[in-house]
There are 4 protein chains.
Amino acid sequence: MESQRIPVAVVGASGYTGQELLRLLVAHPSVELVATTSRQEAGRALASVFPRLAGSTAADLAFIAPDIEAIVASGAKAAFLALPHGVASEFAVPLLERGLRLVDLSADYRLRDAVVYREFYQHEHPAPQLLGRAVYGLPEFYREEIAAADLVASPGCYPTSVLVPLVPLLKAGLIEPAGIAVASLSGASGAGKKAEASLLFAEVNESLRAYGAPKHRHLSEIEQELSLAAGERVVISFVPHLMPVTAGIATTIFCGIAGDADAISSRVAEAYREAYDGRPFVRVLGEGAFADTKHVVRTNFVDVGWVVDRRTGRLILSSAEDNLGKGAGSQAIQSFNLMFGLPETAGLLQF
Amino acid sequence: MESQRIPVAVVGASGYTGQELLRLLVAHPSVELVATTSRQEAGRALASVFPRLAGSTAADLAFIAPDIEAIVASGAKAAFLALPHGVASEFAVPLLERGLRLVDLSADYRLRDAVVYREFYQHEHPAPQLLGRAVYGLPEFYREEIAAADLVASPGCYPTSVLVPLVPLLKAGLIEPAGIAVASLSGASGAGKKAEASLLFAEVNESLRAYGAPKHRHLSEIEQELSLAAGERVVISFVPHLMPVTAGIATTIFCGIAGDADAISSRVAEAYREAYDGRPFVRVLGEGAFADTKHVVRTNFVDVGWVVDRRTGRLILSSAEDNLGKGAGSQAIQSFNLMFGLPETAGLLQF
Amino acid sequence: MESQRIPVAVVGASGYTGQELLRLLVAHPSVELVATTSRQEAGRALASVFPRLAGSTAADLAFIAPDIEAIVASGAKAAFLALPHGVASEFAVPLLERGLRLVDLSADYRLRDAVVYREFYQHEHPAPQLLGRAVYGLPEFYREEIAAADLVASPGCYPTSVLVPLVPLLKAGLIEPAGIAVASLSGASGAGKKAEASLLFAEVNESLRAYGAPKHRHLSEIEQELSLAAGERVVISFVPHLMPVTAGIATTIFCGIAGDADAISSRVAEAYREAYDGRPFVRVLGEGAFADTKHVVRTNFVDVGWVVDRRTGRLILSSAEDNLGKGAGSQAIQSFNLMFGLPETAGLLQF
Amino acid sequence: MESQRIPVAVVGASGYTGQELLRLLVAHPSVELVATTSRQEAGRALASVFPRLAGSTAADLAFIAPDIEAIVASGAKAAFLALPHGVASEFAVPLLERGLRLVDLSADYRLRDAVVYREFYQHEHPAPQLLGRAVYGLPEFYREEIAAADLVASPGCYPTSVLVPLVPLLKAGLIEPAGIAVASLSGASGAGKKAEASLLFAEVNESLRAYGAPKHRHLSEIEQELSLAAGERVVISFVPHLMPVTAGIATTIFCGIAGDADAISSRVAEAYREAYDGRPFVRVLGEGAFADTKHVVRTNFVDVGWVVDRRTGRLILSSAEDNLGKGAGSQAIQSFNLMFGLPETAGLLQF
């Protein structure tokens with residue numbers, strides 16, 4: 001029934017993450033999209049900006065300029081913030097005050113420590129008073145906290161692909177916290193819808209290159225969560241790469257086996273079972289399996305596999321997710337579902 | 001002048017490596033292609049099998065069935081063997097006896113130790129008596145030996161991309177021989193021209209997946225050469241991936257800095273200068289640069305860059321090459337050039 | 001409620017069309033998938049063959065060998081036949097006799113005339129007695145007939161993209177029936193999941209080529225339906241092309257304007273309004289718009305735009321659809337929905 | 001010998017066409033690159049802007065700002081102008097006065113009629129006095145005129161792919177001049193190196209769309225040359241499309257057979273033989289063959305095939321070229337070769 005739908009706003013909806021949020025929200029059974037904002041697209045209908053959404057119930061909804069009063073006036077009870085870091089806080093603070101519950105997809109509230117924020121984002125944290133209030137939006141680890149939160153900081157695209165395979169193993173003490181090395185590859189949508197020559201088709205196509213190492217911003221939240229899992233400070237090497245696909249993140253992780261390598265594989269399987277049984281969006285592929293981005297794009301799934309490298313005493317983990325999905329938009333909706341008491345999978349079981 | 005051209009045969013020319021060899025040889029200023037063999041294409045003209053070669057001087061040359069006498073009768077003084085491992089030896093042994101000088105692109109003569117061959121290739125070495133005679137065809141490390149050889153074992157596609165960045169640093173003692181981890185990504189042509197459903201466009205496109213870890217066959221030659229460079233046994237973790245490009249290999253290497261990290265970058269630069277000054281096909285990009293496959297495909301160049309990860313005490317190396325070029329066909333021609341006293345760059349300076 | 005779900009079988013489910021059917025059926029609100037057949041995958045679980053479907057309710061359903069009794073025993077009331085032409089009839093005839101209602105995605109029942117079938121498919125029609133009973137499954141033109149049918153012949157992938165833009169204009173007499181020329185481009189999945197070297201990634205990537213002209217099999221059903229619309233025999237030129245995308249068909253049509261060109265654009269708009277108002281899956285983009293495959297892939301939409309070429313007296317039409325979606329799987333489900341009195345859009349409103 | 005090399009400048013070298021010119025010129029046996037200009041890259045070395053050119057003899061040549069005196073001072077005897085239309089004339093006029101011979105890759109001198117220029121380019125022709133002096137740079141039709149010219153107007157990318165298959169047939173009277181319809185598809189580099197969101201990888205990838213019809217600018221030169229060939233005014237329908245490849249143009253042409261269709265195929269073959277025997281860069285594939293872009297990219301070849309559509313009385317032509325090669329850079333060098341008495345194929349026989 002329409003009357004039971006939750007009125008929702010998307011703030012900053014003209015980029016790729018916003019587009020993915022809209023794509024899912026217009027088909028979400030318990031959501032009514034009441035406002036979408038975009039400075040540059042204000043006044044245009046949703047389907048005019050995103051032809052893919054023509055034919056949806058929200059096709060004629062017009063973008064509005066980003067404005068607190070207008071968002072509040074839309075009747076939205078929840079808002080997704082798909083804004084650049086720093087800018088998100090300008091909306092988060094007043095919208096929280098006005099009683100909306102927020103899922104922020106920027107980096108503004110992911111870090112518990114404003115000093116780390118400044119180190120990685122090169123400016124003072126815009127609203128440090130909210131850091132204690134925000135919950136890191138990885139539902140597989142913080143389901144209850146998210147359900148109770150009014151401000152969820154949805155993770156970055158790379159962190160989810162790194163944390164889902166690593167956290168259970170660190171918690172279980174199966175791998176060495178030191179010496180972890182991560183190679184991640186992201187599709188081009190991960191760079192955003194920016195008109196830059198380096199992101200043109202003719203530049204990205206038939207090309208593979210690393211970038212951003214050794215200190216990509218996502219390292220900050222990755223190491224925060226790994227450290228919490230390990231119970232000690234964890235520092236890792238992380239190398240992101242740009243790959244010629246529209247969407248998808250593949251992550252390969254090298255880590256040292258802690259203790260006896262003999263039964264490591266069954267212990268890994270057991271740790272994942274404990275962590276992810278009953279978690280509908282983590283698919284544990286098992287030993288010898290490598291996750292493939294093509295099986296997860298346009299879904300909220302993250303796939304995880306592993307192999308044991310006995311020659312070097314290492315465990316090699318492999319994960320895949322959609323950078324716009326489990327890495328951004330659909331994961332944010334998963335948190336939203338929990339916040340509003342909906343089934344965790346509502347609107348997300350697409351294949 | 002035609003009379004000075006060296007008559008050359010390509011044995012097993014119908015796959016992607018053979019195609020790349022032919023593409024380069026028909027335009028090589030000192031080569032006359034006198035025979036190309038293919039069991040399945042025998043009788044067909046070169047340009048009929050490879051429409052790209054229409055318009056070349058060898059367009060009308062007909063493929064012949066692979067036969068020692070026919071190859072010898074063609075007058076070839078040199079032959080490139082682009083055959084599966086195990087099969088290559090069936091041609092290498094008799095052709096060497098008949099006085100041809102060979103560049104073998106299979107794995108048959110890359111390893112010095114027939115035991116390691118059996119471990120990685122799961123069958124007895126077909127001609128162990130030749131192992132001491134063959135030279136590993138990485139001209140940047142074995143230029144003189146190649147020049148004098150009559151049997152050059154051209155490296156596998158991944159090894160070149162791993163060895164070029166690592167060998168000088170191991171020789172110089174700048175990195176720890178233990179704990180090296182390598183993530184490599186190869187374009188789809190690296191899997192060969194095999195009619196397998198898993199290699200169809202609709203399977204590889206928009207997909208990224210690891211495979212083959214932890215014991216890909218190329219590990220055997222990689223570790224052989226790294227061990228020689230380090231002067232001790234080196235064992236590494238190596239994870240190849242299939243990426244949706246036609247050609248190109250990108251390799252990212254994590255390795256521990258040996259000793260003081262302070263001046264490591266300038267010492268790396270110096271080690272590369274010593275190793276690669278005067279080596280026309282290695283382009284050292286410098287610190288902070290990441291190699292991009294799009295700048296090397298269809299060339300014989302291999303690009304190398306690095307960053308220092310001070311937080312973890314690691315050096316992160318990045319290389320790019322064409323898997324069919326410096327990783328196979330053009331590197332084989334580079335060896336051929338040296339074997340016949342031609343300029344090392346003959347026929348290879350394309351951009 | 002589960003009890004109200006319609007039990008459905010998919011016969012021949014291991015190809016790309018079968019995969020797309022399964023992807024949609026496992027999420028269809030009124031369907032219970034009770035059987036999927038595949039000779040080569042018999043015994044394997046759905047999610048094992050199609051990792052993308054892991055996490056769905058049917059993930060553990062095992063493929064069975066194609067067998068009439070087994071399909072009937074599954075309790076299926078409807079079956080989708082995703083089989084090669086000729087083979088489909090072997091299942092259609094007995095399954096109809098056993099009371100199942102069928103959507104056949106092969107070419108077996110698309111043509112009204114067995115002589116034309118033989119001309120284009122080079123063998124006798126396997127069950128001509130059923131030709132009068134089958135309905136051509138293009139719901140935009142045959143909605144009522146489909147609702148009453150027990151055998152629906154779902155159109156080929158190209159025909160839908162040609163017929164949707166042309167039929168209303170021919171019916172309205174706005175274009176000349178003679179002289180129509182069509183250039184269509186299809187993604188690689190349109191060629192099926194066949195292990196052929198010509199369909200390898202490295203062959204299709206960075207490649208564009210026509211094929212199949214001048215007498216592609218789909219011409220037969222295209223001309224049948226165009227002739228019915230025009231009320232006279234229509235013969236067209238049709239050139240399919242293979243393009244390097246996984247899915248999608250883009251079609252560009254050149255046709256002569258009948259009569260006065262002055263008001264042609266508004267008359268075209270009016271003809272499309274009459275034909276497609278209330279048809280949820282045709283999105284008329286309007287004059288000056290060109291349909292883009294990226295807005296329709298993984299949906300059941302077909303987009304249509306046009307421009308008037310006054311210099312030559314021609315109308316140029318443009319359409320886009322997903323070859324596996326509106327061109328095959330989702331369109332078959334649209335017919336199924338109508339056959340079973342479900343909302344036409346059930347399970348199909350994805351964006 | 002260096003002393004015999006012709007000193008050459010490239011004006012406006014930072015785009016894709018400029019890059020392709022440089023790529024070929026640095027390896028051209030009779031060229032010495034003495035100046036390359038770019039307003040935005042002035043001061044930077046060639047290899048810094050185009051990493052692919054590192055290792056070439058001109059790697060360290062610094063871009064200079066576009067300036068007539070500087071270009072003259074470089075000693076260049078020839079210049080390639082890779083500038084936007086309108087801008088090219090600002091350089092063409094003074095450089096001609098200073099005695100340089102020019103190959104202009106802009107549209108400024110392709111049309112014989114300044115009125116048509118204004119119609120298609122929406123501004124007055126900047127230097128109509130030069131129109132009679134310029135030669136249309138399609139060497140297959142104007143070899144002698146090009147050899148004698150000091151101003152060659154190199155064709156647009158689409159026109160070459162349309163004119164090469166059509167001109168000989170119109171000249172021979174084998175096809176009807178009326179009713180020609182052309183569908184062309186171009187890779188993304190054809191849109192230039194412009195930082196526009198619509199050209200981002202994530203927009204072009206997995207996408208196919210028409211654009212620019214019915215009156216793309218290239219129509220003007222296409223119809224000029226077709227009319228000259230036919231001896232009467234020829235007006236065609238032309239629909240360009242953007243396809244997800246980096247480079248390549250595939251063109252499919254529908255045209256009516258003039259007169260008897262019976263022997264049309266052999267008459268087409270004969271017309272092509274007459275036109276293209278001794279023309280090294282046109283590869284006539286024959287009846288039943290469809291040209292594939294992957295066989296021509298990074299070459300100066302244009303491939304041509306055809307089929308006879310007896311059902312409609314049409315001939316369907318198919319051509320493929322590289323939009324940056326035969327469609328721009330390498331074709332310009334072909335003209336340059338003729339202008340300077342070099343072998344027509346100098347520096348261009350790559351495969």
# chains A, B, ... in the order shown; residues from 1 in each chain; ligands from 1

$ closest_atom_pairs --of "chain C" --to "chain A" --cutoff "7 Å" --atoms "only C-alpha atoms" --output "tab-separated table"
residue	atom	partner	partner_atom	distance
C:Arg23	CA	A:Phe351	CA	5.7
C:Ala27	CA	A:Gln350	CA	6.8
C:Pro51	CA	A:His295	CA	6.2
C:Arg52	CA	A:His295	CA	4.5
C:Leu53	CA	A:Phe351	CA	6.2
C:Gly55	CA	A:Pro280	CA	6.9
C:Pro280	CA	A:Gly55	CA	6.9
C:His295	CA	A:Arg52	CA	4.5
C:Val296	CA	A:Arg52	CA	6.6
C:Gln350	CA	A:Ala27	CA	6.8
C:Phe351	CA	A:Arg23	CA	5.7

$ select_by_dssp --residues "region 193-242 of chain D" --states "alpha helix (DSSP H)" --output "list in words"
Phe201, Ala202, Glu203, Val204, His218, Leu219, Ser220, Glu221, Ile222, Glu223, Gln224, Glu225, Leu226, Ser227, Leu228, Ala229 and Ala230 of chain D

$ residues_around --residues "Tyr136 (chain C)" --least-positions-apart "5" --cutoff "7 Å" --atoms "only C-alpha atoms" --output "list of chain:residue names"
C:Arg110, C:Val152, C:Ala153, C:Ser154, C:Pro155

$ closest_residue --among "B:Gly43, B:Gly192, B:Gly18, B:Pro29" --to "Ala346 (chain B)" --atoms "only C-alpha atoms"
B:Pro29

$ residues_around --residues "Glu124 (chain B)" --least-positions-apart "2" --cutoff "12 Å" --atoms "only C-alpha atoms" --output "PyMOL selection string"
chain B and resi 85-86+89+108+113-122+126-128

$ residues_around --residues "Arg98 (chain B)" --least-positions-apart "3" --cutoff "12 Å" --atoms "only C-alpha atoms" --output "ChimeraX atom specification"
/B:68-73,75-79,91-95,101-102,150

$ write_last_selection --atoms "N, CA and C atoms" --output "PDB file, in the first residue's frame"
ATOM      1  N   ILE B  68      59.547 -31.575 -40.465  1.00  0.00           N
ATOM      2  CA  ILE B  68      60.957 -31.180 -40.374  1.00  0.00           C
ATOM      3  C   ILE B  68      61.574 -30.996 -41.762  1.00  0.00           C
ATOM      4  N   GLU B  69      61.342 -31.958 -42.637  1.00  0.00           N
ATOM      5  CA  GLU B  69      61.980 -31.882 -43.952  1.00  0.00           C
ATOM      6  C   GLU B  69      61.498 -30.662 -44.728  1.00  0.00           C
ATOM      7  N   ALA B  70      60.215 -30.396 -44.616  1.00  0.00           N
ATOM      8  CA  ALA B  70      59.679 -29.252 -45.352  1.00  0.00           C
ATOM      9  C   ALA B  70      60.250 -27.948 -44.809  1.00  0.00           C
ATOM     10  N   ILE B  71      60.415 -27.877 -43.514  1.00  0.00           N
ATOM     11  CA  ILE B  71      60.987 -26.659 -42.926  1.00  0.00           C
ATOM     12  C   ILE B  71      62.429 -26.490 -43.377  1.00  0.00           C
ATOM     13  N   VAL B  72      63.167 -27.578 -43.336  1.00  0.00           N
ATOM     14  CA  VAL B  72      64.565 -27.512 -43.776  1.00  0.00           C
ATOM     15  C   VAL B  72      64.625 -27.141 -45.258  1.00  0.00           C
ATOM     16  N   ALA B  73      63.737 -27.736 -46.035  1.00  0.00           N
ATOM     17  CA  ALA B  73      63.742 -27.477 -47.474  1.00  0.00           C
ATOM     18  C   ALA B  73      63.397 -26.029 -47.812  1.00  0.00           C
ATOM     19  N   GLY B  75      64.753 -23.599 -46.689  1.00  0.00           N
ATOM     20  CA  GLY B  75      65.971 -22.799 -46.646  1.00  0.00           C
ATOM     21  C   GLY B  75      66.107 -21.958 -45.394  1.00  0.00           C
ATOM     22  N   ALA B  76      65.183 -22.122 -44.481  1.00  0.00           N
ATOM     23  CA  ALA B  76      65.222 -21.307 -43.266  1.00  0.00           C
ATOM     24  C   ALA B  76      66.510 -21.522 -42.491  1.00  0.00           C
ATOM     25  N   LYS B  77      67.119 -20.446 -42.062  1.00  0.00           N
ATOM     26  CA  LYS B  77      68.296 -20.544 -41.197  1.00  0.00           C
ATOM     27  C   LYS B  77      67.918 -20.397 -39.734  1.00  0.00           C
ATOM     28  N   ALA B  78      66.730 -19.871 -39.525  1.00  0.00           N
ATOM     29  CA  ALA B  78      66.251 -19.710 -38.156  1.00  0.00           C
ATOM     30  C   ALA B  78      64.789 -20.102 -38.121  1.00  0.00           C
ATOM     31  N   ALA B  79      64.356 -20.594 -36.959  1.00  0.00           N
ATOM     32  CA  ALA B  79      62.938 -20.895 -36.802  1.00  0.00           C
ATOM     33  C   ALA B  79      62.468 -20.436 -35.432  1.00  0.00           C
ATOM     34  N   PHE B  91      60.268 -30.618 -32.405  1.00  0.00           N
ATOM     35  CA  PHE B  91      60.835 -29.867 -33.529  1.00  0.00           C
ATOM     36  C   PHE B  91      62.212 -29.329 -33.191  1.00  0.00           C
ATOM     37  N   ALA B  92      62.403 -28.960 -31.941  1.00  0.00           N
ATOM     38  CA  ALA B  92      63.676 -28.343 -31.568  1.00  0.00           C
ATOM     39  C   ALA B  92      64.840 -29.296 -31.800  1.00  0.00           C
ATOM     40  N   VAL B  93      64.689 -30.531 -31.358  1.00  0.00           N
ATOM     41  CA  VAL B  93      65.803 -31.469 -31.450  1.00  0.00           C
ATOM     42  C   VAL B  93      66.240 -31.692 -32.905  1.00  0.00           C
ATOM     43  N   PRO B  94      65.342 -32.094 -33.785  1.00  0.00           N
ATOM     44  CA  PRO B  94      65.804 -32.326 -35.168  1.00  0.00           C
ATOM     45  C   PRO B  94      66.207 -31.045 -35.906  1.00  0.00           C
ATOM     46  N   LEU B  95      65.541 -29.935 -35.638  1.00  0.00           N
ATOM     47  CA  LEU B  95      65.903 -28.710 -36.359  1.00  0.00           C
ATOM     48  C   LEU B  95      67.288 -28.227 -35.934  1.00  0.00           C
ATOM     49  N   ARG B 101      69.036 -22.283 -36.224  1.00  0.00           N
ATOM     50  CA  ARG B 101      69.096 -21.650 -34.899  1.00  0.00           C
ATOM     51  C   ARG B 101      67.657 -21.344 -34.500  1.00  0.00           C
ATOM     52  N   LEU B 102      67.365 -21.598 -33.236  1.00  0.00           N
ATOM     53  CA  LEU B 102      65.958 -21.622 -32.807  1.00  0.00           C
ATOM     54  C   LEU B 102      65.671 -20.630 -31.690  1.00  0.00           C
ATOM     55  N   ASP B 150      72.392 -21.150 -30.037  1.00  0.00           N
ATOM     56  CA  ASP B 150      71.598 -21.662 -31.149  1.00  0.00           C
ATOM     57  C   ASP B 150      70.218 -22.121 -30.686  1.00  0.00           C
TER      58      ASP B 150
END

$ closest_residue --among "A:Tyr158, A:Leu163, A:Val182, A:Val239" --to "Pro139 (chain A)" --atoms "only C-alpha atoms"
A:Leu163

$ residues_around --residues "Ala35 (chain D)" --least-positions-apart "3" --cutoff "7 Å" --atoms "only C-alpha atoms" --output "mmCIF file with C-alpha atoms, in the first residue's frame"
data_model
loop_
_atom_site.group_PDB
_atom_site.id
_atom_site.type_symbol
_atom_site.label_atom_id
_atom_site.label_comp_id
_atom_site.auth_asym_id
_atom_site.auth_seq_id
_atom_site.Cartn_x
_atom_site.Cartn_y
_atom_site.Cartn_z
ATOM 1 C CA VAL D 8 58.348 18.329 -40.617
ATOM 2 C CA ALA D 9 56.126 20.145 -38.135
ATOM 3 C CA VAL D 10 52.856 19.029 -36.589
ATOM 4 C CA ILE D 71 57.282 26.938 -36.897
ATOM 5 C CA SER D 74 62.199 25.141 -36.956
#

$ closest_residue --among "B:Arg112, B:Arg314, B:Arg279, B:His123" --to "Ile180 (chain A)" --atoms "only C-alpha atoms"
B:Arg314

$ residues_around --residues "Val167 (chain B)" --least-positions-apart "6" --cutoff "10 Å" --atoms "only C-alpha atoms" --output "PyMOL selection string"
chain B and resi 141+173+222+225-230+271-272+275

$ select_by_dssp --residues "region 26-268 of chain D" --states "strand (DSSP E)" --output "number ranges by chain"
D: 31-37, 78-81, 101-104, 135-136, 151-153, 181-186, 209-210, 237-242, 249-256

$ write_last_selection --atoms "N, CA and C atoms" --output "tab-separated table (two decimals), in the first residue's frame"
chain	number	residue	atom	x	y	z
D	31	VAL	N	61.53	11.19	-42.50
D	31	VAL	CA	61.02	12.38	-41.81
D	31	VAL	C	61.88	12.70	-40.60
D	32	GLU	N	62.13	13.99	-40.40
D	32	GLU	CA	62.68	14.43	-39.13
D	32	GLU	C	61.66	15.38	-38.51
D	33	LEU	N	61.17	15.00	-37.38
D	33	LEU	CA	60.19	15.84	-36.70
D	33	LEU	C	60.93	17.00	-36.05
D	34	VAL	N	60.65	18.22	-36.50
D	34	VAL	CA	61.41	19.37	-35.97
D	34	VAL	C	60.57	20.28	-35.09
D	35	ALA	N	59.26	20.17	-35.17
D	35	ALA	CA	58.42	21.01	-34.30
D	35	ALA	C	57.06	20.38	-34.11
D	36	THR	N	56.58	20.44	-32.88
D	36	THR	CA	55.19	20.06	-32.61
D	36	THR	C	54.62	21.14	-31.71
D	37	THR	N	53.42	21.58	-32.05
D	37	THR	CA	52.86	22.68	-31.29
D	37	THR	C	51.62	22.22	-30.53
D	78	ALA	N	57.51	21.03	-44.36
D	78	ALA	CA	56.11	20.58	-44.46
D	78	ALA	C	55.49	20.67	-43.08
D	79	ALA	N	54.19	20.91	-43.08
D	79	ALA	CA	53.49	20.91	-41.80
D	79	ALA	C	52.17	20.18	-41.95
D	80	PHE	N	51.85	19.43	-40.92
D	80	PHE	CA	50.52	18.83	-40.79
D	80	PHE	C	49.72	19.72	-39.84
D	81	LEU	N	48.55	20.11	-40.25
D	81	LEU	CA	47.69	20.92	-39.39
D	81	LEU	C	46.60	20.03	-38.81
D	101	ARG	N	54.85	23.37	-47.41
D	101	ARG	CA	53.77	22.59	-48.03
D	101	ARG	C	52.95	21.96	-46.91
D	102	LEU	N	51.65	21.99	-47.09
D	102	LEU	CA	50.76	21.68	-45.98
D	102	LEU	C	49.83	20.51	-46.27
D	103	VAL	N	49.66	19.68	-45.24
D	103	VAL	CA	48.54	18.73	-45.23
D	103	VAL	C	47.64	19.16	-44.08
D	104	ASP	N	46.47	19.63	-44.44
D	104	ASP	CA	45.53	20.14	-43.44
D	104	ASP	C	44.50	19.06	-43.14
D	135	VAL	N	43.86	20.58	-52.78
D	135	VAL	CA	43.50	19.30	-53.39
D	135	VAL	C	42.92	18.39	-52.31
D	136	TYR	N	41.84	17.72	-52.63
D	136	TYR	CA	41.22	16.80	-51.69
D	136	TYR	C	42.14	15.58	-51.53
D	151	LEU	N	48.96	22.48	-50.90
D	151	LEU	CA	47.93	22.46	-49.86
D	151	LEU	C	46.98	21.29	-50.11
D	152	VAL	N	47.10	20.28	-49.27
D	152	VAL	CA	46.23	19.11	-49.39
D	152	VAL	C	45.24	19.12	-48.23
D	153	ALA	N	43.97	18.96	-48.57
D	153	ALA	CA	42.92	18.90	-47.56
D	153	ALA	C	42.59	17.44	-47.29
D	181	ALA	N	21.91	4.90	-48.96
D	181	ALA	CA	21.79	5.05	-47.50
D	181	ALA	C	23.01	4.45	-46.83
D	182	VAL	N	23.56	5.18	-45.88
D	182	VAL	CA	24.83	4.78	-45.26
D	182	VAL	C	24.70	4.76	-43.75
D	183	ALA	N	25.07	3.64	-43.14
D	183	ALA	CA	25.20	3.56	-41.69
D	183	ALA	C	26.68	3.38	-41.38
D	184	SER	N	27.24	4.33	-40.63
D	184	SER	CA	28.66	4.26	-40.29
D	184	SER	C	28.79	4.18	-38.77
D	185	LEU	N	29.82	3.49	-38.32
D	185	LEU	CA	30.07	3.36	-36.89
D	185	LEU	C	31.52	3.73	-36.61
D	186	SER	N	31.68	4.59	-35.65
D	186	SER	CA	33.04	5.04	-35.34
D	186	SER	C	33.41	4.77	-33.90
D	209	ARG	N	24.96	3.92	-30.00
D	209	ARG	CA	23.93	4.90	-30.30
D	209	ARG	C	24.26	5.64	-31.59
D	210	ALA	N	23.22	5.94	-32.35
D	210	ALA	CA	23.37	6.81	-33.50
D	210	ALA	C	23.46	8.26	-33.01
D	237	SER	N	21.47	9.56	-47.57
D	237	SER	CA	21.17	9.50	-46.13
D	237	SER	C	22.38	8.92	-45.43
D	238	PHE	N	22.77	9.57	-44.34
D	238	PHE	CA	23.99	9.16	-43.65
D	238	PHE	C	23.76	9.20	-42.14
D	239	VAL	N	23.94	8.06	-41.51
D	239	VAL	CA	23.73	7.99	-40.06
D	239	VAL	C	25.01	7.48	-39.38
D	240	PRO	N	25.74	8.38	-38.71
D	240	PRO	CA	26.90	7.93	-37.92
D	240	PRO	C	26.45	7.38	-36.57
D	241	HIS	N	27.23	6.48	-36.03
D	241	HIS	CA	26.98	5.90	-34.70
D	241	HIS	C	28.29	5.92	-33.91
D	242	LEU	N	28.16	5.99	-32.60
D	242	LEU	CA	29.31	5.86	-31.72
D	242	LEU	C	29.36	4.44	-31.18
D	249	ILE	N	36.42	2.53	-38.01
D	249	ILE	CA	35.13	2.89	-38.60
D	249	ILE	C	34.67	1.72	-39.46
D	250	ALA	N	33.45	1.29	-39.23
D	250	ALA	CA	32.80	0.31	-40.10
D	250	ALA	C	31.65	1.01	-40.79
D	251	THR	N	31.57	0.81	-42.08
D	251	THR	CA	30.51	1.46	-42.85
D	251	THR	C	29.74	0.43	-43.67
D	252	THR	N	28.44	0.51	-43.59
D	252	THR	CA	27.56	-0.36	-44.38
D	252	THR	C	26.71	0.53	-45.28
D	253	ILE	N	26.71	0.22	-46.57
D	253	ILE	CA	26.06	1.08	-47.56
D	253	ILE	C	25.01	0.28	-48.34
D	254	PHE	N	23.82	0.84	-48.41
D	254	PHE	CA	22.75	0.27	-49.23
D	254	PHE	C	22.62	1.10	-50.50
D	255	CYS	N	22.68	0.45	-51.67
D	255	CYS	CA	22.48	1.24	-52.89
D	255	CYS	C	21.80	0.39	-53.96
D	256	GLY	N	21.04	1.06	-54.79
D	256	GLY	CA	20.30	0.35	-55.83
D	256	GLY	C	21.19	-0.02	-57.00

$ atom_distance --atom1 "CA of Val235 (chain D)" --atom2 "CA of Pro165 (chain D)"
16.2 Å

$ atom_distance --atom1 "CA of Ser266 (chain A)" --atom2 "CA of Pro177 (chain A)"
19.6 Å

$ atom_distance --atom1 "CA of Val302 (chain B)" --atom2 "CA of Leu46 (chain D)"
18.5 Å

$ decode --residues "region 214-229 of chain C" --atoms "C-alpha atoms" --output "mmCIF file, in the first residue's frame"
data_model
loop_
_atom_site.group_PDB
_atom_site.id
_atom_site.type_symbol
_atom_site.label_atom_id
_atom_site.label_comp_id
_atom_site.auth_asym_id
_atom_site.auth_seq_id
_atom_site.Cartn_x
_atom_site.Cartn_y
_atom_site.Cartn_z
ATOM 1 C CA PRO C 214 21.519 -10.422 -47.369
ATOM 2 C CA LYS C 215 19.348 -13.250 -46.079
ATOM 3 C CA HIS C 216 19.545 -13.625 -42.323
ATOM 4 C CA ARG C 217 16.954 -16.030 -40.932
ATOM 5 C CA HIS C 218 15.213 -13.345 -38.941
ATOM 6 C CA LEU C 219 14.226 -11.688 -42.216
ATOM 7 C CA SER C 220 11.478 -14.263 -42.587
ATOM 8 C CA GLU C 221 9.557 -13.237 -39.502
ATOM 9 C CA ILE C 222 10.336 -9.550 -39.966
ATOM 10 C CA GLU C 223 8.873 -9.548 -43.454
ATOM 11 C CA GLN C 224 5.897 -11.665 -42.375
ATOM 12 C CA GLU C 225 4.895 -9.123 -39.763
ATOM 13 C CA LEU C 226 5.723 -6.072 -41.890
ATOM 14 C CA SER C 227 3.598 -7.483 -44.690
ATOM 15 C CA LEU C 228 0.679 -8.029 -42.338
ATOM 16 C CA ALA C 229 1.028 -4.456 -41.129
#
